[in-house]
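Chemist: Sharing final.cif, mmCIF, C-alpha atoms:
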```cif
data_run
loop_
_atom_site.label_atom_id
_atom_site.label_comp_id
_atom_site.auth_asym_id
_atom_site.auth_seq_id
_atom_site.Cartn_x
_atom_site.Cartn_y
_atom_site.Cartn_z
CA MET A 1 218.83 -24.05 12.87
CA THR A 2 216.54 -21.31 11.66
CA PRO A 3 212.91 -22.12 10.93
CA ASP A 4 213.50 -21.39 7.26
CA ASN A 5 216.17 -24.04 7.04
CA ALA A 6 214.13 -26.54 9.01
CA ASN A 7 211.39 -26.10 6.44
CA LYS A 8 213.79 -27.30 3.74
CA THR A 9 214.79 -30.60 5.33
CA LEU A 10 212.93 -33.90 5.21
CA ILE A 11 213.66 -34.58 8.89
CA ASN A 12 215.04 -32.33 11.60
CA SER A 13 216.04 -33.71 14.98
CA ASP A 14 215.35 -30.33 16.59
CA TYR A 15 211.63 -30.89 16.11
CA PRO A 16 209.48 -33.98 16.73
CA LEU A 17 207.70 -35.72 13.92
CA ASP A 18 204.04 -36.57 13.98
CA LYS A 19 203.67 -39.86 15.80
CA VAL A 20 200.40 -41.65 15.13
CA VAL A 21 199.40 -43.23 18.45
CA PHE A 22 196.03 -44.60 17.43
CA MET A 23 194.54 -46.22 14.34
CA ALA A 24 191.13 -47.77 13.85
CA SER A 25 188.77 -48.65 11.01
CA GLY A 26 185.35 -50.14 10.49
CA SER A 27 182.09 -49.89 8.61
CA PHE A 28 178.37 -49.52 9.18
CA THR A 29 175.28 -49.32 7.04
CA GLU A 30 173.05 -46.28 7.17
CA PRO A 31 169.60 -46.16 5.55
CA SER A 32 168.57 -43.07 3.66
CA GLY A 33 166.46 -40.47 5.35
CA GLY A 34 168.42 -38.68 7.98
CA PHE A 35 171.21 -38.69 10.50
CA GLY A 36 172.74 -41.55 12.44
CA GLU A 37 175.12 -41.95 15.37
CA TYR A 38 177.56 -44.75 16.03
CA ASN A 39 180.00 -44.94 18.93
CA VAL A 40 183.02 -47.21 18.83
CA PRO A 41 185.12 -47.60 22.00
CA HIS A 42 188.71 -46.46 21.41
CA GLY A 43 190.18 -47.89 24.62
CA LEU A 44 192.54 -44.97 25.19
CA PRO A 45 192.95 -43.09 28.48
CA PHE A 46 192.63 -39.80 26.59
CA ARG A 47 190.70 -38.24 23.69
CA PRO A 48 192.84 -38.64 20.56
CA LEU A 49 193.17 -35.81 18.04
CA LEU A 50 191.55 -37.71 15.18
CA VAL A 51 192.04 -37.38 11.44
CA GLY A 52 189.38 -39.35 9.61
CA THR A 53 188.45 -40.41 6.10
CA TRP A 54 185.54 -42.41 4.76
CA SER A 55 184.56 -44.17 1.57
CA THR A 56 181.75 -46.20 0.04
CA ASP A 57 184.42 -48.60 -1.20
CA PRO A 58 186.14 -50.99 1.25
CA ASN A 59 189.38 -50.43 -0.67
CA PHE A 60 189.09 -46.65 -0.27
CA THR A 61 189.65 -46.13 -4.00
CA ILE A 62 187.98 -42.74 -3.60
CA SER A 63 187.83 -41.43 -0.08
CA TYR A 64 186.62 -38.26 1.56
CA GLU A 65 187.88 -36.24 4.46
CA ALA A 66 185.55 -36.31 7.45
CA GLY A 67 182.84 -33.71 6.96
CA THR A 68 182.95 -33.88 3.17
CA SER A 69 181.63 -36.19 0.45
CA GLY A 70 181.47 -36.53 -3.32
CA PHE A 71 178.19 -34.63 -3.50
CA THR A 72 178.16 -30.99 -4.47
CA ASP A 73 175.52 -30.51 -1.76
CA LEU A 74 177.11 -31.82 1.42
CA SER A 75 173.72 -32.02 3.14
CA ILE A 76 172.98 -35.06 0.92
CA ALA A 77 175.67 -37.27 2.44
CA GLN A 78 178.78 -36.92 4.58
CA LEU A 79 180.34 -38.31 7.73
CA THR A 80 181.35 -36.31 10.77
CA ILE A 81 183.98 -37.93 13.00
CA GLN A 82 184.65 -36.92 16.62
CA SER A 83 186.43 -38.33 19.62
CA THR A 84 185.00 -38.50 23.13
CA THR A 85 186.52 -39.62 26.41
CA ASN A 86 185.68 -43.22 25.58
CA THR A 87 184.63 -43.51 21.95
CA ILE A 88 185.04 -42.61 18.32
CA ARG A 89 181.77 -40.90 17.45
CA LEU A 90 180.57 -41.32 13.86
CA LEU A 91 177.72 -39.12 12.61
CA PRO A 92 176.57 -40.01 9.09
CA THR A 93 174.18 -37.96 7.00
CA ASN A 94 172.31 -39.80 4.28
CA TYR A 95 169.65 -38.20 2.11
CA THR A 96 170.72 -39.98 -1.09
CA GLY A 97 167.59 -42.10 -1.37
CA SER A 98 169.69 -45.25 -1.05
CA THR A 99 171.32 -47.13 1.80
CA ILE A 100 175.03 -46.33 2.16
CA THR A 101 177.72 -48.51 3.64
CA TYR A 102 180.20 -46.13 5.25
CA TYR A 103 183.74 -47.47 5.51
CA TRP A 104 185.76 -45.32 7.88
CA ARG A 105 189.39 -45.02 8.91
CA VAL A 106 190.80 -42.81 11.64
CA PHE A 107 194.22 -42.16 13.05
CA GLY A 108 195.09 -39.95 15.95
CA PHE A 109 197.69 -37.94 17.78
CA MET A 110 198.19 -37.49 21.50
CA PRO A 111 196.90 -34.09 22.72
CA SER A 112 199.39 -31.54 23.98
CA ASP A 113 198.15 -31.85 27.57
CA VAL A 114 198.71 -35.62 27.69
CA ASN A 115 202.02 -37.46 28.05
CA LEU A 116 201.29 -41.16 28.52
CA ASP A 117 202.46 -44.50 27.25
CA ALA A 118 200.88 -45.49 23.96
CA SER A 119 200.65 -48.79 22.13
CA PHE A 120 202.76 -49.10 18.99
CA THR A 121 201.11 -48.46 15.66
CA ALA A 122 203.91 -49.45 13.28
CA ALA A 123 205.74 -52.43 14.70
CA GLN A 124 205.94 -54.37 11.44
CA ALA A 125 209.64 -54.88 10.73
CA ASP A 126 209.05 -55.34 7.00
CA LEU A 127 207.76 -51.80 6.48
CA PHE A 128 209.89 -48.72 5.96
CA ALA A 129 209.66 -46.43 8.95
CA MET A 130 211.29 -43.58 7.06
CA SER A 131 211.77 -42.91 3.36
CA SER A 132 213.64 -40.01 1.84
CA GLU A 133 211.04 -39.98 -0.94
CA TYR A 134 208.80 -38.05 1.45
CA ASN A 135 208.85 -35.04 3.71
CA TYR A 136 208.14 -35.50 7.43
CA THR A 137 206.42 -32.47 8.84
CA LYS A 138 208.26 -31.00 11.79
CA LEU A 139 206.18 -30.02 14.79
CA TRP A 140 207.21 -26.54 15.90
CA GLN A 141 204.66 -26.04 18.65
CA GLU A 142 201.62 -27.81 20.04
CA GLY A 143 199.33 -26.52 22.70
CA VAL A 144 195.85 -25.72 23.84
CA LEU A 145 193.95 -22.45 23.99
CA LEU A 146 190.86 -21.83 26.05
CA TRP A 147 187.92 -20.13 24.35
CA ASN A 148 187.32 -16.78 26.06
CA GLY A 149 185.42 -14.59 23.62
CA THR A 150 188.48 -12.65 22.49
CA THR A 151 191.15 -12.88 19.80
CA GLN A 152 194.23 -14.89 20.76
CA THR A 153 197.41 -14.88 18.72
CA ILE A 154 200.39 -17.20 18.44
CA ASN A 155 203.46 -15.53 16.95
CA HIS A 156 205.65 -17.85 14.85
CA GLY A 157 207.62 -15.33 12.82
CA PHE A 158 208.55 -17.80 10.07
CA GLY A 159 208.02 -15.39 7.20
CA TYR A 160 205.78 -17.91 5.45
CA ARG A 161 202.47 -19.57 6.19
CA PRO A 162 203.09 -22.78 8.13
CA GLN A 163 200.97 -25.91 8.17
CA VAL A 164 198.44 -25.93 10.99
CA ASP A 165 196.04 -28.53 12.35
CA ILE A 166 193.35 -27.72 14.94
CA TRP A 167 190.81 -29.63 17.01
CA PHE A 168 188.13 -28.00 19.11
CA GLU A 169 185.63 -28.91 21.82
CA GLN A 170 182.03 -28.48 20.76
CA GLU A 171 180.06 -25.60 22.27
CA LEU A 172 177.15 -27.82 23.33
CA ASN A 173 179.25 -30.67 24.73
CA SER A 174 182.86 -30.21 25.78
CA ASN A 175 183.39 -33.98 25.59
CA LEU A 176 183.16 -33.87 21.78
CA LEU A 177 186.46 -33.14 20.04
CA THR A 178 186.34 -32.40 16.31
CA ARG A 179 189.04 -31.55 13.78
CA TRP A 180 188.65 -27.97 12.56
CA TYR A 181 187.51 -28.04 8.94
CA GLN A 182 185.92 -24.74 7.95
CA GLY A 183 187.22 -21.26 7.39
CA ILE A 184 185.04 -18.23 7.10
CA ASP A 185 185.23 -14.78 5.49
CA ASN A 186 185.79 -11.83 7.72
CA SER A 187 182.33 -10.38 7.41
CA PHE A 188 180.81 -13.26 9.39
CA MET A 189 181.78 -12.00 12.79
CA GLY A 190 179.98 -13.75 15.58
CA THR A 191 181.58 -16.97 14.43
CA ASP A 192 184.81 -18.60 15.54
CA SER A 193 187.56 -18.47 12.93
CA VAL A 194 191.26 -19.16 12.52
CA GLN A 195 193.62 -17.30 10.22
CA VAL A 196 197.18 -18.17 9.19
CA THR A 197 199.63 -15.44 8.22
CA ASP A 198 203.37 -15.28 7.55
CA THR A 199 203.98 -14.31 11.17
CA GLN A 200 200.99 -15.40 13.27
CA ILE A 201 198.19 -17.86 13.84
CA ILE A 202 195.13 -15.84 14.82
CA PHE A 203 192.25 -17.45 16.71
CA ARG A 204 189.13 -15.27 16.73
CA PHE A 205 186.96 -16.71 19.46
CA LEU A 206 183.87 -14.71 18.58
CA SER A 207 181.06 -17.24 18.35
CA SER A 208 177.84 -15.90 19.79
CA GLY A 209 177.27 -19.33 21.35
CA GLY A 210 180.82 -19.74 22.62
CA VAL A 211 181.45 -21.26 26.04
CA ALA A 212 184.37 -20.01 28.13
CA GLY A 213 186.98 -22.64 28.85
CA ARG A 214 186.32 -24.86 25.80
CA LYS A 215 189.64 -26.27 24.62
CA TRP A 216 191.16 -25.65 21.19
CA PHE A 217 194.15 -27.90 20.50
CA TYR A 218 196.61 -26.77 17.85
CA ARG A 219 199.65 -28.22 16.10
CA ILE A 220 201.88 -25.79 14.17
CA TYR A 221 204.59 -27.13 11.88
CA GLN A 222 207.84 -25.74 10.55
CA ASP A 223 206.73 -26.85 7.11
CA THR A 224 205.15 -24.43 4.71
CA GLY A 225 201.46 -24.58 4.02
CA VAL A 226 201.97 -22.94 0.63
CA GLY A 227 200.90 -25.24 -2.18
CA ILE A 228 203.35 -24.04 -4.83
CA MET B 1 204.50 -49.40 25.05
CA THR B 2 206.43 -46.22 25.64
CA LYS B 3 205.84 -42.51 25.88
CA PRO B 4 205.97 -41.33 22.25
CA LYS B 5 206.60 -37.72 23.28
CA GLN B 6 210.00 -38.71 24.67
CA PHE B 7 211.28 -39.26 21.13
CA ILE B 8 211.82 -36.98 18.16
CA LEU B 9 211.03 -39.95 15.98
CA ASN B 10 210.18 -43.52 16.84
CA SER B 11 209.81 -46.24 14.25
CA ASP B 12 207.30 -48.06 16.44
CA TYR B 13 204.77 -45.35 15.67
CA ALA B 14 203.40 -44.61 12.24
CA SER B 15 204.41 -41.18 10.98
CA LEU B 16 202.79 -38.94 8.42
CA LYS B 17 204.61 -38.98 5.09
CA ASN B 18 204.03 -35.72 3.21
CA ASP B 19 203.93 -36.80 -0.45
CA ASN B 20 202.84 -33.72 -2.36
CA LYS B 21 201.55 -30.17 -2.34
CA GLY B 22 199.59 -28.14 -4.83
CA ARG B 23 197.58 -24.99 -5.44
CA ILE B 24 194.12 -24.97 -6.95
CA THR B 25 192.14 -21.87 -7.92
CA LEU B 26 188.46 -21.38 -8.53
CA VAL B 27 187.03 -18.39 -10.39
CA ILE B 28 183.50 -17.22 -9.61
CA PRO B 29 182.94 -14.71 -12.39
CA ALA B 30 181.12 -11.42 -12.11
CA GLY B 31 177.85 -11.48 -14.02
CA ALA B 32 177.25 -15.22 -13.60
CA VAL B 33 173.51 -15.87 -13.49
CA ILE B 34 171.79 -18.39 -11.22
CA PRO B 35 168.38 -19.39 -12.55
CA ALA B 36 165.22 -18.79 -10.54
CA ASN B 37 163.05 -21.26 -8.62
CA GLY B 38 165.63 -23.65 -7.23
CA GLY B 39 168.21 -23.30 -9.95
CA SER B 40 171.87 -23.74 -9.16
CA VAL B 41 175.31 -23.17 -10.62
CA THR B 42 178.46 -25.08 -9.72
CA TRP B 43 181.89 -23.61 -10.33
CA SER B 44 184.75 -26.09 -10.03
CA SER B 45 188.41 -26.62 -10.73
CA GLU B 46 190.61 -29.70 -10.37
CA ILE B 47 194.25 -30.68 -10.01
CA ASP B 48 196.11 -33.98 -9.81
CA ILE B 49 197.62 -34.53 -6.38
CA GLY B 50 197.99 -37.28 -3.81
CA THR B 51 197.34 -40.99 -3.86
CA ARG B 52 194.59 -43.38 -2.81
CA ASN B 53 193.24 -42.46 0.64
CA ALA B 54 195.68 -39.57 0.99
CA THR B 55 194.72 -37.19 3.77
CA MET B 56 195.03 -33.43 3.42
CA ARG B 57 195.91 -30.23 5.18
CA THR B 58 194.32 -27.31 3.36
CA GLN B 59 194.36 -23.53 3.61
CA MET B 60 192.07 -21.24 1.58
CA GLU B 61 191.92 -17.59 0.60
CA SER B 62 189.31 -15.48 -1.20
CA SER B 63 190.41 -12.59 -3.40
CA LEU B 64 187.76 -10.51 -1.65
CA TYR B 65 189.89 -10.80 1.50
CA PRO B 66 193.48 -11.04 0.27
CA GLY B 67 195.96 -12.45 2.73
CA GLN B 68 193.29 -13.97 4.99
CA TRP B 69 194.17 -17.66 4.75
CA THR B 70 192.01 -20.05 6.76
CA PRO B 71 192.83 -23.68 7.55
CA GLY B 72 190.31 -26.40 6.65
CA ASN B 73 188.80 -28.16 3.66
CA MET B 74 185.88 -25.76 3.52
CA ARG B 75 185.39 -22.03 3.61
CA VAL B 76 182.25 -19.96 3.89
CA ILE B 77 182.68 -17.07 1.48
CA ASP B 78 180.90 -13.79 0.93
CA MET B 79 179.04 -13.59 -2.38
CA ASN B 80 177.88 -10.18 -3.53
CA MET B 81 174.67 -10.90 -5.42
CA ASN B 82 172.19 -8.85 -7.43
CA TYR B 83 168.63 -9.59 -6.30
CA SER B 84 166.50 -8.04 -9.00
CA GLY B 85 168.35 -4.75 -8.69
CA THR B 86 169.00 -4.98 -4.95
CA PRO B 87 172.55 -5.87 -3.87
CA SER B 88 172.81 -8.52 -1.18
CA VAL B 89 175.68 -10.34 0.49
CA GLU B 90 175.04 -14.06 0.72
CA SER B 91 177.20 -16.85 2.04
CA GLY B 92 178.53 -19.56 -0.22
CA LEU B 93 180.37 -22.75 0.66
CA VAL B 94 183.61 -23.70 -1.08
CA SER B 95 184.95 -27.21 -0.51
CA VAL B 96 187.91 -29.35 -1.46
CA ILE B 97 187.02 -32.99 -2.11
CA ARG B 98 188.75 -35.99 -3.65
CA VAL B 99 187.18 -37.12 -6.93
CA SER B 100 189.63 -39.87 -7.84
CA PRO B 101 192.61 -41.52 -6.14
CA THR B 102 194.87 -38.89 -7.67
CA ARG B 103 192.62 -35.91 -8.29
CA ILE B 104 190.95 -33.30 -6.09
CA ARG B 105 188.27 -30.73 -6.85
CA LEU B 106 187.69 -27.24 -5.47
CA TYR B 107 184.08 -26.29 -6.01
CA CYS B 108 181.26 -23.99 -5.02
CA THR B 109 177.57 -24.65 -5.67
CA HIS B 110 175.15 -21.80 -5.21
CA PHE B 111 171.36 -22.18 -5.23
CA ASN B 112 168.64 -19.66 -6.00
CA PHE B 113 165.20 -20.25 -4.54
CA ALA B 114 163.92 -16.80 -5.48
CA PRO B 115 161.27 -16.52 -8.19
CA PHE B 116 163.66 -14.47 -10.34
CA ASN B 117 167.19 -14.91 -11.63
CA ILE B 118 170.02 -13.58 -9.48
CA SER B 119 173.56 -12.75 -10.56
CA VAL B 120 177.05 -12.33 -9.13
CA ILE B 121 177.98 -8.64 -8.78
CA THR B 122 181.59 -8.99 -7.62
CA GLY B 123 183.58 -11.89 -8.99
CA GLN B 124 186.25 -13.54 -6.91
CA THR B 125 188.99 -16.12 -7.06
CA VAL B 126 189.24 -18.71 -4.29
CA THR B 127 192.65 -20.30 -3.83
CA ALA B 128 193.31 -23.51 -1.92
CA ASP B 129 196.79 -24.66 -0.94
CA VAL B 130 196.68 -28.41 -0.39
CA ILE B 131 199.28 -30.59 1.29
CA THR B 132 198.69 -34.36 0.96
CA PHE B 133 199.95 -37.23 3.10
CA LEU B 134 200.12 -40.94 2.56
CA SER B 135 197.53 -42.65 4.70
CA PRO B 136 199.08 -44.60 7.58
CA PHE B 137 196.70 -47.38 6.46
CA ASN B 138 198.42 -47.74 3.06
#
```
Could you rewrite the structure in this file as structure tokens?
Modeler:
Amino acid sequence: MTPDNANKTLINSDYPLDKVVFMASGSFTEPSGGFGEYNVPHGLPFRPLLVGTWSTDPNFTISYEAGTSGFTDLSIAQLTIQSTTNTIRLLPTNYTGSTITYYWRVFGFMPSDVNLDASFTAAQADLFAMSSEYNYTKLWQEGVLLWNGTTQTINHGFGYRPQVDIWFEQELNSNLLTRWYQGIDNSFMGTDSVQVTDTQIIFRFLSSGGVAGRKWFYRIYQDTGVGI
Amino acid sequence: MTKPKQFILNSDYASLKNDNKGRITLVIPAGAVIPANGGSVTWSSEIDIGTRNATMRTQMESSLYPGQWTPGNMRVIDMNMNYSGTPSVESGLVSVIRVSPTRIRLYCTHFNFAPFNISVITGQTVTADVITFLSPFN
């Protein structure tokens, strides 16, 4: 099947679906006035590729992606979420003037360089595993690149911009794995950036503080990243 | 337990259900003035998309750099500003956040700590393509 056709199906047995191998949630209270750090053991034999959200409401009526918040100035409050070899690392910022209870939820994928047994995350027989009401994004390629101070390119040739998810090891501590969240205009060279085109995913490893060998995990999907 | 990578799909593992996609645009107009001495201006735009605790995959583009789409919920953009007659390129931060269970906002807030007003020389449109997923926790 051509990539274009795969993009138009809800499920395609030629490509694996995202399988969530880890889920966790919790809360903590952070007083106003600075930064905090909380580490929660994840019990996995690998660092999961985490996707996290947080809320000030235990029901998550309004929730925020990790690294964002409801404030127009993100330096007032937000929550950074990382994975380490042993823990989920939660880094709240709180300059609101009030104590915040952070409710957090994370789920994770297995990195491309790991192939291990994983505990089930959806064993309830009374829940739908699949529903044709929804699309299931089809993983075209996963892998890992090593930061080396150059531009590295992955050719996909789809003819449209695919969905992409990326996690990277921090420059100061390779044990810290964070989901990529921020693009940057071209004029800011000297900074790492990722660009998605109709034919390629371009990783510009140009950070002035970059460390050779740091891992960048990527997941590229058959599904279009175009919003309309 | 089993090795999840041995299966194309496996109902014992939660999967990500892609429930919607949308495009949101934000216009930062040429000539916009940001007041002096700590003043700020916020430009924002909203669309209805997703459900409670929906997660997102986002890509953004600035009209100053057409075709350069970057993944992530934030983007640092160039802003060509007039500093009392002197042009200067500053960085601005554009973010996508959820403002209600079914609504997201694309916004940019720019501050001015100079003792004089500054203004936008070159306007731009920032576009965000957003794909939402049901939370596995739902």
Chemist: Exactly which residues make up the result of the PyMOL selection byres ((chain B) within 8 of (chain A)) on this file, given as a PyMOL selection string?
Modeler: chain B and resi 1-5+7-19+21-23+42+52-53+55-60+62+65+67-78+95+97-101+107-109+128-131+136
Chemist: With C-alpha atoms retained, could you export that selection as a CSV table (one decimal), in the coordinates of the input?
Modeler:
```csv
chain,number,residue,atom,x,y,z
B,1,MET,CA,204.5,-49.4,25.0
B,2,THR,CA,206.4,-46.2,25.6
B,3,LYS,CA,205.8,-42.5,25.9
B,4,PRO,CA,206.0,-41.3,22.2
B,5,LYS,CA,206.6,-37.7,23.3
B,7,PHE,CA,211.3,-39.3,21.1
B,8,ILE,CA,211.8,-37.0,18.2
B,9,LEU,CA,211.0,-40.0,16.0
B,10,ASN,CA,210.2,-43.5,16.8
B,11,SER,CA,209.8,-46.2,14.2
B,12,ASP,CA,207.3,-48.1,16.4
B,13,TYR,CA,204.8,-45.4,15.7
B,14,ALA,CA,203.4,-44.6,12.2
B,15,SER,CA,204.4,-41.2,11.0
B,16,LEU,CA,202.8,-38.9,8.4
B,17,LYS,CA,204.6,-39.0,5.1
B,18,ASN,CA,204.0,-35.7,3.2
B,19,ASP,CA,203.9,-36.8,-0.4
B,21,LYS,CA,201.6,-30.2,-2.3
B,22,GLY,CA,199.6,-28.1,-4.8
B,23,ARG,CA,197.6,-25.0,-5.4
B,42,THR,CA,178.5,-25.1,-9.7
B,52,ARG,CA,194.6,-43.4,-2.8
B,53,ASN,CA,193.2,-42.5,0.6
B,55,THR,CA,194.7,-37.2,3.8
B,56,MET,CA,195.0,-33.4,3.4
B,57,ARG,CA,195.9,-30.2,5.2
B,58,THR,CA,194.3,-27.3,3.4
B,59,GLN,CA,194.4,-23.5,3.6
B,60,MET,CA,192.1,-21.2,1.6
B,62,SER,CA,189.3,-15.5,-1.2
B,65,TYR,CA,189.9,-10.8,1.5
B,67,GLY,CA,196.0,-12.4,2.7
B,68,GLN,CA,193.3,-14.0,5.0
B,69,TRP,CA,194.2,-17.7,4.8
B,70,THR,CA,192.0,-20.0,6.8
B,71,PRO,CA,192.8,-23.7,7.6
B,72,GLY,CA,190.3,-26.4,6.6
B,73,ASN,CA,188.8,-28.2,3.7
B,74,MET,CA,185.9,-25.8,3.5
B,75,ARG,CA,185.4,-22.0,3.6
B,76,VAL,CA,182.2,-20.0,3.9
B,77,ILE,CA,182.7,-17.1,1.5
B,78,ASP,CA,180.9,-13.8,0.9
B,95,SER,CA,185.0,-27.2,-0.5
B,97,ILE,CA,187.0,-33.0,-2.1
B,98,ARG,CA,188.8,-36.0,-3.6
B,99,VAL,CA,187.2,-37.1,-6.9
B,100,SER,CA,189.6,-39.9,-7.8
B,101,PRO,CA,192.6,-41.5,-6.1
B,107,TYR,CA,184.1,-26.3,-6.0
B,108,CYS,CA,181.3,-24.0,-5.0
B,109,THR,CA,177.6,-24.6,-5.7
B,128,ALA,CA,193.3,-23.5,-1.9
B,129,ASP,CA,196.8,-24.7,-0.9
B,130,VAL,CA,196.7,-28.4,-0.4
B,131,ILE,CA,199.3,-30.6,1.3
B,136,PRO,CA,199.1,-44.6,7.6
```
Chemist: Check which residues satisfy the PyMOL selection byres ((chain A and resi 95-103) around 7) in the file shown, then give them as a ChimeraX atom specification.
Modeler: /A:26-34,54-58,76-77,93-94,104
Chemist: Please produce a file of the residues just selected, as a PDB file, keeping the file's coordinate frame, where the atoms kept are C-alpha atoms.
Modeler:
```pdb
ATOM      1  CA  GLY A  26     185.350 -50.140  10.490  1.00  0.00           C
ATOM      2  CA  SER A  27     182.090 -49.890   8.610  1.00  0.00           C
ATOM      3  CA  PHE A  28     178.370 -49.520   9.180  1.00  0.00           C
ATOM      4  CA  THR A  29     175.280 -49.320   7.040  1.00  0.00           C
ATOM      5  CA  GLU A  30     173.050 -46.280   7.170  1.00  0.00           C
ATOM      6  CA  PRO A  31     169.600 -46.160   5.550  1.00  0.00           C
ATOM      7  CA  SER A  32     168.570 -43.070   3.660  1.00  0.00           C
ATOM      8  CA  GLY A  33     166.460 -40.470   5.350  1.00  0.00           C
ATOM      9  CA  GLY A  34     168.420 -38.680   7.980  1.00  0.00           C
ATOM     10  CA  TRP A  54     185.540 -42.410   4.760  1.00  0.00           C
ATOM     11  CA  SER A  55     184.560 -44.170   1.570  1.00  0.00           C
ATOM     12  CA  THR A  56     181.750 -46.200   0.040  1.00  0.00           C
ATOM     13  CA  ASP A  57     184.420 -48.600  -1.200  1.00  0.00           C
ATOM     14  CA  PRO A  58     186.140 -50.990   1.250  1.00  0.00           C
ATOM     15  CA  ILE A  76     172.980 -35.060   0.920  1.00  0.00           C
ATOM     16  CA  ALA A  77     175.670 -37.270   2.440  1.00  0.00           C
ATOM     17  CA  THR A  93     174.180 -37.960   7.000  1.00  0.00           C
ATOM     18  CA  ASN A  94     172.310 -39.800   4.280  1.00  0.00           C
ATOM     19  CA  TRP A 104     185.760 -45.320   7.880  1.00  0.00           C
TER      20      TRP A 104
END
```
Chemist: What is the distance, in Å and to one decimal place, between atom CA of Arg89 of chain A and atom CA of Pro41 of chain A?
Modeler: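 For atom CA of Arg89 of chain A relative to atom CA of Pro41 of chain A, the distance reads 8.8 Å.
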Chemist: Up to 8 Å from (200.9, -41.9, -2.4) in the file's coordinates: name the residues, counting all atoms listed in the file, as a list in words.
Modeler: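 Using all atoms listed in the file, the matching residues come out as Asp19, Gly50, Thr51, Arg52, Ala54, Phe133, Leu134 and Ser135 of chain B.
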Chemist: List as a PyMOL selection string the residues having at least one atom at most 12 Å from position (183.7, -28.8, 22.5) as given in the file, counting all atoms listed in the file.
Modeler: chain A and resi 47+82-85+146-147+167-180+209-217
Chemist: Edge lengths and centre in Å to one decimal, as JSON, is what I'm after for the box along x, y and z that holds all listed atoms of segment 45-61 of chain B once 4 Å is added on each side.
Modeler:
```
{"center_x": 193.2, "center_y": -30.5, "center_z": -2.8, "size_x": 17.6, "size_y": 33.8, "size_z": 23.9}
```
Chemist: Figure out the distance between atom CA of Leu79 of chain A and atom CA of Gly38 of chain B, please, to one decimal in Å.
Modeler: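 Taking atom CA of Gly38 of chain B as the start and atom CA of Leu79 of chain A as the end point, the length is 25.6 Å.
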Chemist: Find the spatial neighbours of Thr127 of chain B, counting only C-alpha atoms, within a cut-off of 6 Å - ignore same-chain residues fewer than 3 positions away - and output them as a compact mmCIF listing (two decimals) with C-alpha atoms, in the frame of the given file.
Modeler:
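And here is the file that came out, out_22.txt:
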```txt
# COMPACT_ATOMS: atom_id res chain seq x y z
CA ILE B 24 194.12 -24.97 -6.95
CA THR B 25 192.14 -21.87 -7.92
CA MET B 60 192.07 -21.24 1.58
CA GLU B 61 191.92 -17.59 0.60
```
Chemist: State, in Å with one decimal place, the distance from atom CA of Ile34 of chain B to atom CA of Ile104 of chain B.
Modeler: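 Those two atoms sit 24.8 Å apart.
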Chemist: With only C-alpha atoms as the counted atoms, please give the residues lying no more than 8 Å from Gln141 of chain A, apart from itself and same-chain residues fewer than 6 positions off, as an MDAnalysis selection string.
Modeler: chainID A and resid 219:221
Chemist: Expand the PyMOL selection byres ((chain B and resi 121) around 10) into the explicit residue set it covers here, and present it as number ranges by chain.
Modeler: B: 29-33, 79-83, 87-89, 118-120, 122-124
Chemist: Contacts of Leu106 of chain B at 6 Å or less, counting only C-alpha atoms, minus same-chain residues fewer than 3 places along, as a PyMOL selection string?
Modeler: chain B and resi 44-45+95-96
